[in-house]
Amino acid sequence: MRRRQPGASGVPVILLVPALVGLAFLVIPLLGLLVRTPWSSLPGQLAAPGVRSALQLSLVSATLATAVSLVLGVPLAWVLARSRVPGRSMLRALVTVPLVLPPVVGGVALLLGLGRRGVLGQYLFSWFGISLPFSTAAVVLAEAFVAMPFLVVAVEGALRAADQRYEQAAATLGADRWTTFRRVTVPMVAPGIVSGAVLCWARALGEFGATITFAGNFPGRTQTVPLAVYLALQTDPQAAIVLSLLMLSVSVLVLVGLRGRWAGGLA
Amino acid sequence: MRRRQPGASGVPVILLVPALVGLAFLVIPLLGLLVRTPWSSLPGQLAAPGVRSALQLSLVSATLATAVSLVLGVPLAWVLARSRVPGRSMLRALVTVPLVLPPVVGGVALLLGLGRRGVLGQYLFSWFGISLPFSTAAVVLAEAFVAMPFLVVAVEGALRAADQRYEQAAATLGADRWTTFRRVTVPMVAPGIVSGAVLCWARALGEFGATITFAGNFPGRTQTVPLAVYLALQTDPQAAIVLSLLMLSVSVLVLVGLRGRWAGGLA
Amino acid sequence: MSSTSGLQGQLRVRRAEFTLDLVLAVPAGSVTALLGPNGAGKTTSLSLLAGLLPLDTGRVSLDDTVLDDPGAGVFLAPERRPVGVVFQDYLLFPHLSVLDNVAFGPRSRGAGRRAARVIAQRWLERLGLGEHASARPRRLSGGQAQRVAIARALATDPRLLLLDEPLAALDASTRVEVRSELRRHLRDYPGATVLVTHDPLDAMVLADQIVVIEGGRAVQQGSPAEVARHPRTAYVARLVGLNLYRGRASGTTVELDEGARLAVGPAHSGPVFLAFPPSAVALHRARPDGSPRNCWPVTVAGLEQQGNLVRLALAGHPAVLADVTAAAVAALDLVPGAKVWAAVKATEIEVYPG
Amino acid sequence: MSSTSGLQGQLRVRRAEFTLDLVLAVPAGSVTALLGPNGAGKTTSLSLLAGLLPLDTGRVSLDDTVLDDPGAGVFLAPERRPVGVVFQDYLLFPHLSVLDNVAFGPRSRGAGRRAARVIAQRWLERLGLGEHASARPRRLSGGQAQRVAIARALATDPRLLLLDEPLAALDASTRVEVRSELRRHLRDYPGATVLVTHDPLDAMVLADQIVVIEGGRAVQQGSPAEVARHPRTAYVARLVGLNLYRGRASGTTVELDEGARLAVGPAHSGPVFLAFPPSAVALHRARPDGSPRNCWPVTVAGLEQQGNLVRLALAGHPAVLADVTAAAVAALDLVPGAKVWAAVKATEIEVYPG
Amino acid sequence: STSGAAAGPSASPKGALASPTSDRPSVPALSGNVVVFAAASLTKTFTDLAHSFESAHPGVHVQLSFGGSPTLAQQIEQGAPADVFASADQAVMAQAVKAAAIAGTPQTFATNVLEIAVPVGNPGHVTSLAAFADPSLRIAVCAVQVPCGAASAKVFAVAGITPRPDTLEQDVTAVLTKVELGEVDAGLVYRTDVAVAGAKVLGIPFPQSGAAVNIYPIAQVAHAPNPAAAVAFIDYVRGPIGRQALAQAGFGSP
Ligand SMILES: Nc1ncnc2c1ncn2[C@@H]1O[C@H](COP(=O)(O)OP(=O)(O)OP(=O)(O)O)[C@@H](O)[C@H]1O
Ligand SMILES: Nc1ncnc2c1ncn2[C@@H]1O[C@H](COP(=O)(O)OP(=O)(O)OP(=O)(O)O)[C@@H](O)[C@H]1O
Ligand SMILES: [Mg+2]
Ligand SMILES: [Mg+2]
């Protein structure tokens, strides 16, 4: 058993086998899709009107939803992991609620909460004239609602695994909690935040049920690719698959590009 | 600015405000649901036949899917984070594919891969007589397909954040990679694995599109709560909400119980 | 300086099976060394002072500010304490360059980015690390990392400085330099310093007061000279046994501040410290001829028996401590008042720039 | 033992701006000490030997096994090397108890759970940590953690032992004990040992061979006695300046293995080590009266000038090194062949159980 | 209640094409957006109709939002700014009426009947509804909670068959997907769905389908932002061009 390079590709069989099975499990269905795709019809499908705008809307709204989730979710994760507010484990479980809620019910909940007649939404409407549903903002909110918990839970896990003594060292250097958070905690758990953001973005990109319920399905305004896929499934399942693959390729490209840059920054 | 207990509930405003906004954003829609729930009809709804079996099936299959994901996903995350197989960043992006795929398309992909005429499934069927669709196993597989990527990405993030020098120390003590993985790596990234498993379980519990597409919907065999909720939505939205809340409460209870135990073990 | 100036601490805390119970008073501008065996509670004491661990009971105040007083419900968070800490395991931020590690404190305490970097660069250069400014801590050797940790703590100009074995990882030559730098800094430093060390020379050179703790309690306390002269246990005697003088060198001769003159090995110039262990002092009935460059008449002022050793306090110019065996005491008839010659070899005397 | 028995290393590696280029040969059963200033490349050398860093070029072999040879494309993974390492920053597993940390090695190398724990418990007790067996490493003090790290490395019975400043965090008294324990272990230990230390006494007591490195290159190499007798630089002279003898104590008298007899301070019995620095040796033209218990006639065999100091090799019973000033050389006319009396105070002699 | 609704201009296609121009002087010119919430099964038909409606009324822009009928109803009840609601299910529409979300009376504009769908090649040799009781076959039908499931239950009752389905799908599309992929040997779907699927499935009509005719109602939403355009669109769908397009897609007339 000799090889060059320590820590190199020598992966123990007992890990390699399940890893390969896992990979196959995730990839074989994708292969199924690829094999059955009517490649000849692809150019026509992609050129169809609305595809570009749906793709653009999907990418923009998923990215915005991720931004919202980062801004709100990372602090939330920090509070859950670091502070000693009472009832923390209850709060933590509540955060996972949107994960468990069937997305359509999530959309209904959003309507009931933020809709024009919702618990909070009625005031938004009567006081400020803001009506969220059926707008692009609603798409972002629906996606954030469904995807943010992934970020929060992932980042909280990373925070728990991090060595808190570095934060203590920062405190002795006069850094208040915010400075410590910004300059020590966040950089040290950066890989966890990146993972969380990737999960969040991917989930937002694929979001369907809550979006169609809360934001409706208007081409150019709220029709993201998954909604377009849903409609295509009604009329032309092949087109639906082509559309899904298109979104997949874009997301894989984005993630490969992103990871390359991030990994460089971190390693 | 004086207070007792270092590192206590003193949370800086600049973190507290976004955290609270984030929490409100996740909780207000839930409040909307709770406010509009027809509480008086609740006992009747819960006693309805099929509710118990759907809940049981949901919990069992989500737990099995999480177990499958742990067994396959943790090694996969390790390979992605630690080994130097070529094309790793491509593999990593591929793993996120099921996140991005609209769940219904995910179900179609599973049928194309593992169905009776699928890429792999046709051999399973003709050689072993195994037909996965429409079985409880299919529910578990569909949920695992959709939920495993969450585990993989979260665990990979945790692995990247962990200090690899402890693994080097284990190697100098004669531990092979598997022993190191089992006795050093896994315990040290345990919080990340727990986060990933929670994400995975919650996502599996709420899974709808891929399940109904790949496993179908048959009470007692493949009808999980989200499927029952979806159908109830068609005729009796109130009942659907009650059913969702039931599942939520169960999942919150499970997570609170679990976290309490885990946190005790880790802190 | 008011009467409350400096650090006043009454530290009591339980950690699992270990209990710490210690009273500390460190006047502003002075240095207290904590000495003691492994697990005595030295690091725990520093954690209490830094606010990383709250007191169970007791009280800590610095100048006129109460830092921790559980009885009164007062606790000042670490970041609000004007404290600098060198941790035993450094805790350098792995994601920041060496320069930014050192600049972290000044920036957190309000300096601009550029100003903080200038301060940091100056400190790095003083500690001989100028060329590593842009490196990541992971790329440093153990000794380099420790020096960065020292620079980081000093760069904030704290009113209370806590140093946990700040020189342990340094090699012999670097240690001399860093010790001098630290002494230079502490001499001009208006705040209080608590220093944990295992090295008696560090304690003698740097500290105005020594507190020896064992099992969480102070077993002896006083100025280095007092503790050295009257060690309560053999452990303490061994730990703090040094003759220490301050003087002015020109070449291999040092004019002591207290008036006498000693020959030393290596040539120096300017203010210096001289140190040699009591065991290096030979006593003779008559003036000996031979290699020892330093010989002067002394009178036995006191004897303290520590096991098989006797520590003698000798009056003379300069006054000096000597460790001799019981056999030598008998042979030379060393009773109080006895007059003998003390001899110290020039090569036995350690010389440090003061 | 065959001629290739032990460690043969030709180590070459570049790390950013730093280049290491070192040849090491450590026969089985012997100990080589790596000495050198901070950042000299000591830890880097150990990483190469442990397989935590691959060579750029060169070759490392242990007994008859090639561990690393980039030219031949051979690299043995760390876990396949029969190597034990004490890391400079310990790297104790935070999630395992102290006992399980120490039992980790034996278990990984095939012992059963219970057998491994028995081995671990024995090692912990030898190092005075029996009562901390069930504690988590986080709860240990710095010195306790270091002892656990030593126990963990020794418990695997490796054929190559790599120790990176294994005694740095230990207090004076613990250090003596742990050093003795380590020596006892190394004496019976059939494998090769490489020891990094800043403490000359550790090097002299524990090592058979000393390699001094600076800036990644060996600047001097040889047995402690050779290096001590002919130090190439003042730095080396200072670093390795110790007279070291082995003998058998009864009370305060030690019968040296080479025949002579020396008086010491504390009473001991059984085999011991005696150590004192060359600076502790006073030379006299005539036999002096006075406190030095040990006086014997010697002949100047050699002189080596180091700056202002002169290191004399003196033949006699026992042979001894003495550091004196240039002034003393002139005053006593110390030319080769000159006959003088050497005097060493009993209290200057450090005694360690051997 | 909806059967006698075919009022307005006469049903000749020519007349329908001419009517917008001839109506223009008598009706105030339509303008602005008209928002149409329509059942997903109407996607293709309504998309085409919207285009021709827009060219007939150059000032009007039709915005379509497709989804499941219950979802759309829920959104409308929550105040969605819709003008027209076209449901695939009478019960859902009735629910919306009850919730006061609908202005006026809903009108029927299309019907649909069930058909048996089998994979290409008909591997299960299905010829009639009786196959649905064969336990050796893989069978998919809609769940009773959704309209196609209710309709299926009716035809089974009329035919006196106890079906042995392997799955109760959430909508016809899901049934159709499984038929297309060959995962089931037969499914019960609407005629329009078989038409959409083209060559990928084989439709087998059966005599009992008349027992369950699915009715599609359309209505103006209460508080519609653009009621005039809503009325015009509803009329257009129910008019000759609408009927022709619906017929082409396989819908029956009201
Ligand atoms: N987090 C903790 N929980 C419980 N006990 C602890 C903890 N940290 C330290 N201890 C115990 O408290 C005692 C004092 O530890 P401390 O670190 O203060 O010692 P120290 O004097 O700094 O020793 P050293 O010189 O070895 O660094 C030790 O017995 C240690 O085991
Ligand atoms: N990972 C690394 N990458 C690049 N350079 C490194 C790395 N680790 C160490 N170095 C550099 O290599 C040189 C040798 O470091 P090494 O840790 O071997 O020193 P050392 O002799 O152990 O010093 P010390 O006594 O302070 O522990 C140093 O200049 C250090 O900055
Ligand atoms: Mg300590
Ligand atoms: Mg080192």
# chains A, B, ... in the order shown; residues from 1 in each chain; ligands from 1
$ interface_residues --of "chain A" --to "chain B" --cutoff "6 Å" --atoms "only C-alpha atoms" --output "number ranges by chain"
A: 8-9, 15, 18-19, 22, 28-30, 32-33, 72, 75-76, 83-85, 89, 93, 99-102, 109-110, 112-113, 119, 153-154, 157-158, 161, 191-192, 195, 202-203, 205-206, 226, 252, 255-256
$ calpha_fit_rmsd --fixed "chain A" --moving "chain B"
0.1 Å
$ residues_near_ligand --ligand "ligand 3" --cutoff "8 Å" --atoms "only C-alpha atoms and all ligand atoms" --output "PDB file with N, CA and C atoms, in the first residue's frame"
ATOM      1  N   ASN C  38       1.869  22.949  37.572  1.00  0.00           N
ATOM      2  CA  ASN C  38       0.798  22.748  36.604  1.00  0.00           C
ATOM      3  C   ASN C  38      -0.502  22.472  37.331  1.00  0.00           C
ATOM      4  N   GLY C  39      -1.551  23.119  36.851  1.00  0.00           N
ATOM      5  CA  GLY C  39      -2.862  22.876  37.430  1.00  0.00           C
ATOM      6  C   GLY C  39      -3.097  23.624  38.722  1.00  0.00           C
ATOM      7  N   GLY C  41      -3.893  26.756  39.043  1.00  0.00           N
ATOM      8  CA  GLY C  41      -4.972  27.742  38.921  1.00  0.00           C
ATOM      9  C   GLY C  41      -4.494  29.069  38.358  1.00  0.00           C
ATOM     10  N   LYS C  42      -3.363  29.085  37.696  1.00  0.00           N
ATOM     11  CA  LYS C  42      -2.820  30.340  37.181  1.00  0.00           C
ATOM     12  C   LYS C  42      -3.657  30.835  36.000  1.00  0.00           C
ATOM     13  N   THR C  43      -3.892  29.949  35.034  1.00  0.00           N
ATOM     14  CA  THR C  43      -4.696  30.341  33.885  1.00  0.00           C
ATOM     15  C   THR C  43      -6.115  30.692  34.322  1.00  0.00           C
ATOM     16  N   THR C  44      -6.642  29.919  35.261  1.00  0.00           N
ATOM     17  CA  THR C  44      -7.983  30.211  35.769  1.00  0.00           C
ATOM     18  C   THR C  44      -8.041  31.623  36.348  1.00  0.00           C
ATOM     19  N   GLN C  88      -2.133  31.208  26.701  1.00  0.00           N
ATOM     20  CA  GLN C  88      -1.130  30.151  26.742  1.00  0.00           C
ATOM     21  C   GLN C  88      -1.015  29.459  25.386  1.00  0.00           C
ATOM     22  N   ASP C 164       0.096  34.895  29.951  1.00  0.00           N
ATOM     23  CA  ASP C 164       0.147  33.493  30.378  1.00  0.00           C
ATOM     24  C   ASP C 164       1.327  32.801  29.713  1.00  0.00           C
ATOM     25  N   GLU C 165       2.393  32.643  30.437  1.00  0.00           N
ATOM     26  CA  GLU C 165       3.613  32.020  29.909  1.00  0.00           C
ATOM     27  C   GLU C 165       4.011  32.625  28.575  1.00  0.00           C
ATOM     28  N   VAL C 196       2.094  35.077  34.258  1.00  0.00           N
ATOM     29  CA  VAL C 196       2.259  33.682  34.663  1.00  0.00           C
ATOM     30  C   VAL C 196       3.521  33.156  34.007  1.00  0.00           C
TER      31      VAL C 196
ATOM     32  N   SER D 141      -5.162  21.902  32.567  1.00  0.00           N
ATOM     33  CA  SER D 141      -4.277  23.049  32.453  1.00  0.00           C
ATOM     34  C   SER D 141      -3.280  22.763  31.339  1.00  0.00           C
ATOM     35  N   GLY D 142      -2.531  23.802  30.950  1.00  0.00           N
ATOM     36  CA  GLY D 142      -1.580  23.641  29.852  1.00  0.00           C
ATOM     37  C   GLY D 142      -0.578  22.519  30.106  1.00  0.00           C
ATOM     38  N   GLY D 143      -0.047  22.485  31.300  1.00  0.00           N
ATOM     39  CA  GLY D 143       0.964  21.483  31.612  1.00  0.00           C
ATOM     40  C   GLY D 143       0.385  20.080  31.654  1.00  0.00           C
TER      41      GLY D 143
END
$ interface_residues --of "chain C" --to "chain D" --cutoff "6 Å" --atoms "only C-alpha atoms" --output "VMD selection string"
chain C and resid 37 to 39 141 143 171 198 265 to 266 279 282 to 285 290 to 291 308 324 to 325 328 347 to 348
$ write_last_selection --atoms "C-alpha atoms" --output "CSV table (one decimal), in the first residue's frame"
chain,number,residue,atom,x,y,z
C,37,PRO,CA,2.9,24.0,39.5
C,38,ASN,CA,0.8,22.7,36.6
C,39,GLY,CA,-2.9,22.9,37.4
C,141,SER,CA,6.5,28.4,13.9
C,143,GLY,CA,7.9,30.7,18.7
C,171,ASP,CA,14.3,29.7,22.0
C,198,HIS,CA,7.5,28.9,35.0
C,265,GLY,CA,31.5,37.5,30.8
C,266,PRO,CA,30.1,39.1,27.7
C,279,SER,CA,24.2,28.3,44.1
C,282,ALA,CA,31.2,30.2,46.6
C,283,LEU,CA,32.2,31.1,50.1
C,284,HIS,CA,35.8,31.0,51.3
C,285,ARG,CA,37.5,31.7,54.6
C,290,GLY,CA,41.8,31.7,40.9
C,291,SER,CA,39.4,32.2,38.1
C,308,ASN,CA,19.8,19.5,52.6
C,324,VAL,CA,25.5,25.9,50.3
C,325,THR,CA,25.3,22.4,51.6
C,328,ALA,CA,29.8,23.5,53.9
C,347,THR,CA,30.8,33.6,33.5
C,348,GLU,CA,28.1,32.6,35.9
$ interface_residues --of "chain E" --to "chain A" --cutoff "8 Å" --atoms "only C-alpha atoms" --output "PyMOL selection string"
chain E and resi 40-41+43-44+63-67+71-72+74-75+78-80+173+177+196-197
$ closest_atom_pairs --of "chain D" --to "chain B" --cutoff "9 Å" --atoms "only C-alpha atoms" --output "tab-separated table"
residue	atom	partner	partner_atom	distance
D:Ala50	CA	B:Thr172	CA	6.8
D:Gly51	CA	B:Thr172	CA	8.3
D:Leu52	CA	B:Gln168	CA	6.8
D:Ala77	CA	B:Ala171	CA	8.2
D:Pro78	CA	B:Thr172	CA	5.4
D:Glu79	CA	B:Gly174	CA	4.2
D:Arg80	CA	B:Gly174	CA	6.4
D:Arg81	CA	B:Gly174	CA	7.4
D:Pro82	CA	B:Gly174	CA	7.4
D:Val83	CA	B:Thr172	CA	6.2
D:Gly84	CA	B:Thr172	CA	6.1
D:Val85	CA	B:Thr172	CA	6.5
D:Val86	CA	B:Ala169	CA	8.9
D:Phe87	CA	B:Ala169	CA	8.1
D:Tyr90	CA	B:Ala169	CA	9.0
D:Leu91	CA	B:Tyr166	CA	6.0
D:Leu92	CA	B:Tyr166	CA	7.6
D:Phe93	CA	B:Tyr166	CA	6.8
D:Pro94	CA	B:Met188	CA	7.9
D:His95	CA	B:Pro187	CA	6.8
D:Leu96	CA	B:Val184	CA	8.9
D:Phe104	CA	B:Leu173	CA	7.2
D:Gly105	CA	B:Leu173	CA	4.6
D:Pro106	CA	B:Leu173	CA	8.0
D:Arg107	CA	B:Ala175	CA	8.4
D:Ser108	CA	B:Ala175	CA	4.8
D:Arg109	CA	B:Gly174	CA	5.7
D:Arg152	CA	B:Leu173	CA	8.2
D:Ala153	CA	B:Leu173	CA	7.2
D:Thr156	CA	B:Leu173	CA	7.0
D:Pro158	CA	B:Leu173	CA	8.9
$ write_last_selection --atoms "N, CA and C atoms" --output "short mmCIF file (atom, residue, chain, number, x, y, z; two decimals), in the first residue's frame"
data_model
loop_
_atom_site.label_atom_id
_atom_site.label_comp_id
_atom_site.auth_asym_id
_atom_site.auth_seq_id
_atom_site.Cartn_x
_atom_site.Cartn_y
_atom_site.Cartn_z
N ALA D 50 7.12 12.30 10.10
CA ALA D 50 5.84 11.66 10.44
C ALA D 50 4.99 11.39 9.20
N GLY D 51 5.36 12.02 8.08
CA GLY D 51 4.56 11.82 6.87
C GLY D 51 3.40 12.78 6.76
N LEU D 52 3.41 13.83 7.58
CA LEU D 52 2.33 14.82 7.50
C LEU D 52 2.61 15.82 6.39
N ALA D 77 1.94 6.39 4.07
CA ALA D 77 1.02 7.30 4.77
C ALA D 77 1.36 7.33 6.26
N PRO D 78 1.03 8.43 6.94
CA PRO D 78 1.37 8.57 8.35
C PRO D 78 0.90 7.39 9.19
N GLU D 79 -0.34 6.91 8.91
CA GLU D 79 -0.89 5.86 9.76
C GLU D 79 -0.19 4.52 9.56
N ARG D 80 0.60 4.43 8.48
CA ARG D 80 1.32 3.18 8.26
C ARG D 80 2.75 3.28 8.77
N ARG D 81 3.12 4.43 9.25
CA ARG D 81 4.46 4.57 9.80
C ARG D 81 4.40 4.25 11.29
N PRO D 82 5.36 3.49 11.76
CA PRO D 82 5.35 3.17 13.19
C PRO D 82 5.94 4.33 13.99
N VAL D 83 5.22 5.44 13.97
CA VAL D 83 5.76 6.68 14.50
C VAL D 83 4.84 7.22 15.58
N GLY D 84 5.42 7.76 16.64
CA GLY D 84 4.63 8.45 17.65
C GLY D 84 5.04 9.91 17.69
N VAL D 85 4.07 10.80 17.80
CA VAL D 85 4.39 12.22 17.75
C VAL D 85 3.79 12.94 18.95
N VAL D 86 4.61 13.78 19.61
CA VAL D 86 4.06 14.75 20.56
C VAL D 86 4.07 16.09 19.84
N PHE D 87 2.88 16.66 19.61
CA PHE D 87 2.81 17.93 18.87
C PHE D 87 3.09 19.10 19.80
N TYR D 90 -0.01 20.02 21.22
CA TYR D 90 -0.66 18.85 21.84
C TYR D 90 -1.68 18.16 20.94
N LEU D 91 -2.67 18.92 20.41
CA LEU D 91 -3.71 18.33 19.57
C LEU D 91 -4.41 17.15 20.23
N LEU D 92 -4.79 17.33 21.48
CA LEU D 92 -5.60 16.31 22.13
C LEU D 92 -7.00 16.35 21.55
N PHE D 93 -7.61 15.19 21.37
CA PHE D 93 -8.96 15.14 20.81
C PHE D 93 -9.95 15.72 21.82
N PRO D 94 -10.63 16.80 21.46
CA PRO D 94 -11.47 17.47 22.46
C PRO D 94 -12.68 16.67 22.88
N HIS D 95 -13.09 15.70 22.06
CA HIS D 95 -14.32 14.99 22.36
C HIS D 95 -14.08 13.69 23.13
N LEU D 96 -12.81 13.35 23.34
CA LEU D 96 -12.50 12.13 24.07
C LEU D 96 -11.97 12.47 25.45
N PHE D 104 -6.28 5.83 22.44
CA PHE D 104 -6.57 5.90 21.00
C PHE D 104 -5.51 5.19 20.16
N GLY D 105 -4.24 5.44 20.48
CA GLY D 105 -3.16 4.84 19.72
C GLY D 105 -3.16 3.32 19.80
N PRO D 106 -3.09 2.77 21.02
CA PRO D 106 -3.12 1.31 21.13
C PRO D 106 -4.31 0.69 20.43
N ARG D 107 -5.48 1.31 20.59
CA ARG D 107 -6.66 0.74 19.90
C ARG D 107 -6.48 0.77 18.40
N SER D 108 -6.00 1.91 17.88
CA SER D 108 -5.82 2.01 16.44
C SER D 108 -4.80 1.00 15.95
N ARG D 109 -3.86 0.68 16.81
CA ARG D 109 -2.84 -0.27 16.38
C ARG D 109 -3.22 -1.69 16.77
N ARG D 152 0.18 9.91 25.33
CA ARG D 152 -0.50 9.41 24.13
C ARG D 152 0.51 8.92 23.10
N ALA D 153 1.61 9.67 22.94
CA ALA D 153 2.60 9.26 21.95
C ALA D 153 3.35 8.02 22.40
N THR D 156 1.83 4.09 22.17
CA THR D 156 1.73 3.25 20.97
C THR D 156 2.98 2.42 20.74
N PRO D 158 5.97 3.20 19.48
CA PRO D 158 6.37 3.37 18.08
C PRO D 158 7.86 3.02 17.88
#
$ atom_distance --atom1 "CA of Ile215 in chain E" --atom2 "CA of Thr111 in chain E"
4.6 Å
$ residues_around --residues "Leu57 in chain B" --least-positions-apart "2" --cutoff "8 Å" --atoms "only C-alpha atoms" --output "list of chain:residue names"
B:Ser53, B:Ala54, B:Leu55, B:Leu59, B:Val60, B:Ser61, B:Gly220, B:Arg221, B:Thr222, B:Gln223, B:Thr224
$ residues_around --residues "Trp123 in chain D" --least-positions-apart "2" --cutoff "10 Å" --atoms "only C-alpha atoms" --output "MDAnalysis selection string"
chainID D and resid 99 102:103 117:121 125:130 147:148 150:152 154:155
$ decode --residues "range 93-110 of chain C" --atoms "N, CA and C atoms" --output "PDB file, in the first residue's frame"
ATOM      1  N   PHE C  93      -5.980  34.602  15.336  1.00  0.00           N
ATOM      2  CA  PHE C  93      -7.093  34.371  14.405  1.00  0.00           C
ATOM      3  C   PHE C  93      -6.554  33.755  13.123  1.00  0.00           C
ATOM      4  N   PRO C  94      -6.994  32.552  12.783  1.00  0.00           N
ATOM      5  CA  PRO C  94      -6.391  31.853  11.641  1.00  0.00           C
ATOM      6  C   PRO C  94      -6.682  32.518  10.298  1.00  0.00           C
ATOM      7  N   HIS C  95      -7.750  33.313  10.231  1.00  0.00           N
ATOM      8  CA  HIS C  95      -8.134  33.864   8.928  1.00  0.00           C
ATOM      9  C   HIS C  95      -7.545  35.248   8.686  1.00  0.00           C
ATOM     10  N   LEU C  96      -6.848  35.792   9.668  1.00  0.00           N
ATOM     11  CA  LEU C  96      -6.258  37.113   9.491  1.00  0.00           C
ATOM     12  C   LEU C  96      -4.743  36.993   9.361  1.00  0.00           C
ATOM     13  N   SER C  97      -4.146  37.925   8.620  1.00  0.00           N
ATOM     14  CA  SER C  97      -2.689  37.946   8.532  1.00  0.00           C
ATOM     15  C   SER C  97      -2.131  38.314   9.904  1.00  0.00           C
ATOM     16  N   VAL C  98      -0.835  38.089  10.053  1.00  0.00           N
ATOM     17  CA  VAL C  98      -0.168  38.441  11.296  1.00  0.00           C
ATOM     18  C   VAL C  98      -0.392  39.922  11.606  1.00  0.00           C
ATOM     19  N   LEU C  99      -0.240  40.766  10.597  1.00  0.00           N
ATOM     20  CA  LEU C  99      -0.422  42.205  10.796  1.00  0.00           C
ATOM     21  C   LEU C  99      -1.844  42.502  11.278  1.00  0.00           C
ATOM     22  N   ASP C 100      -2.822  41.889  10.636  1.00  0.00           N
ATOM     23  CA  ASP C 100      -4.204  42.174  11.018  1.00  0.00           C
ATOM     24  C   ASP C 100      -4.562  41.584  12.372  1.00  0.00           C
ATOM     25  N   ASN C 101      -3.897  40.507  12.747  1.00  0.00           N
ATOM     26  CA  ASN C 101      -4.076  40.002  14.097  1.00  0.00           C
ATOM     27  C   ASN C 101      -3.670  41.053  15.116  1.00  0.00           C
ATOM     28  N   VAL C 102      -2.527  41.658  14.868  1.00  0.00           N
ATOM     29  CA  VAL C 102      -2.029  42.642  15.829  1.00  0.00           C
ATOM     30  C   VAL C 102      -2.841  43.930  15.738  1.00  0.00           C
ATOM     31  N   ALA C 103      -3.290  44.267  14.529  1.00  0.00           N
ATOM     32  CA  ALA C 103      -4.066  45.493  14.357  1.00  0.00           C
ATOM     33  C   ALA C 103      -5.492  45.332  14.881  1.00  0.00           C
ATOM     34  N   PHE C 104      -5.888  44.110  15.149  1.00  0.00           N
ATOM     35  CA  PHE C 104      -7.277  43.858  15.557  1.00  0.00           C
ATOM     36  C   PHE C 104      -7.658  44.649  16.811  1.00  0.00           C
ATOM     37  N   GLY C 105      -6.772  44.617  17.818  1.00  0.00           N
ATOM     38  CA  GLY C 105      -7.064  45.304  19.069  1.00  0.00           C
ATOM     39  C   GLY C 105      -7.212  46.806  18.887  1.00  0.00           C
ATOM     40  N   PRO C 106      -6.190  47.470  18.329  1.00  0.00           N
ATOM     41  CA  PRO C 106      -6.318  48.909  18.124  1.00  0.00           C
ATOM     42  C   PRO C 106      -7.577  49.276  17.328  1.00  0.00           C
ATOM     43  N   ARG C 107      -7.884  48.505  16.291  1.00  0.00           N
ATOM     44  CA  ARG C 107      -9.089  48.820  15.513  1.00  0.00           C
ATOM     45  C   ARG C 107     -10.336  48.670  16.365  1.00  0.00           C
ATOM     46  N   SER C 108     -10.404  47.575  17.135  1.00  0.00           N
ATOM     47  CA  SER C 108     -11.586  47.373  17.965  1.00  0.00           C
ATOM     48  C   SER C 108     -11.712  48.472  18.995  1.00  0.00           C
ATOM     49  N   ARG C 109     -10.577  49.032  19.398  1.00  0.00           N
ATOM     50  CA  ARG C 109     -10.636  50.087  20.416  1.00  0.00           C
ATOM     51  C   ARG C 109     -10.683  51.463  19.767  1.00  0.00           C
ATOM     52  N   GLY C 110     -10.983  51.500  18.473  1.00  0.00           N
ATOM     53  CA  GLY C 110     -11.338  52.793  17.893  1.00  0.00           C
ATOM     54  C   GLY C 110     -10.373  53.380  16.882  1.00  0.00           C
TER      55      GLY C 110
END
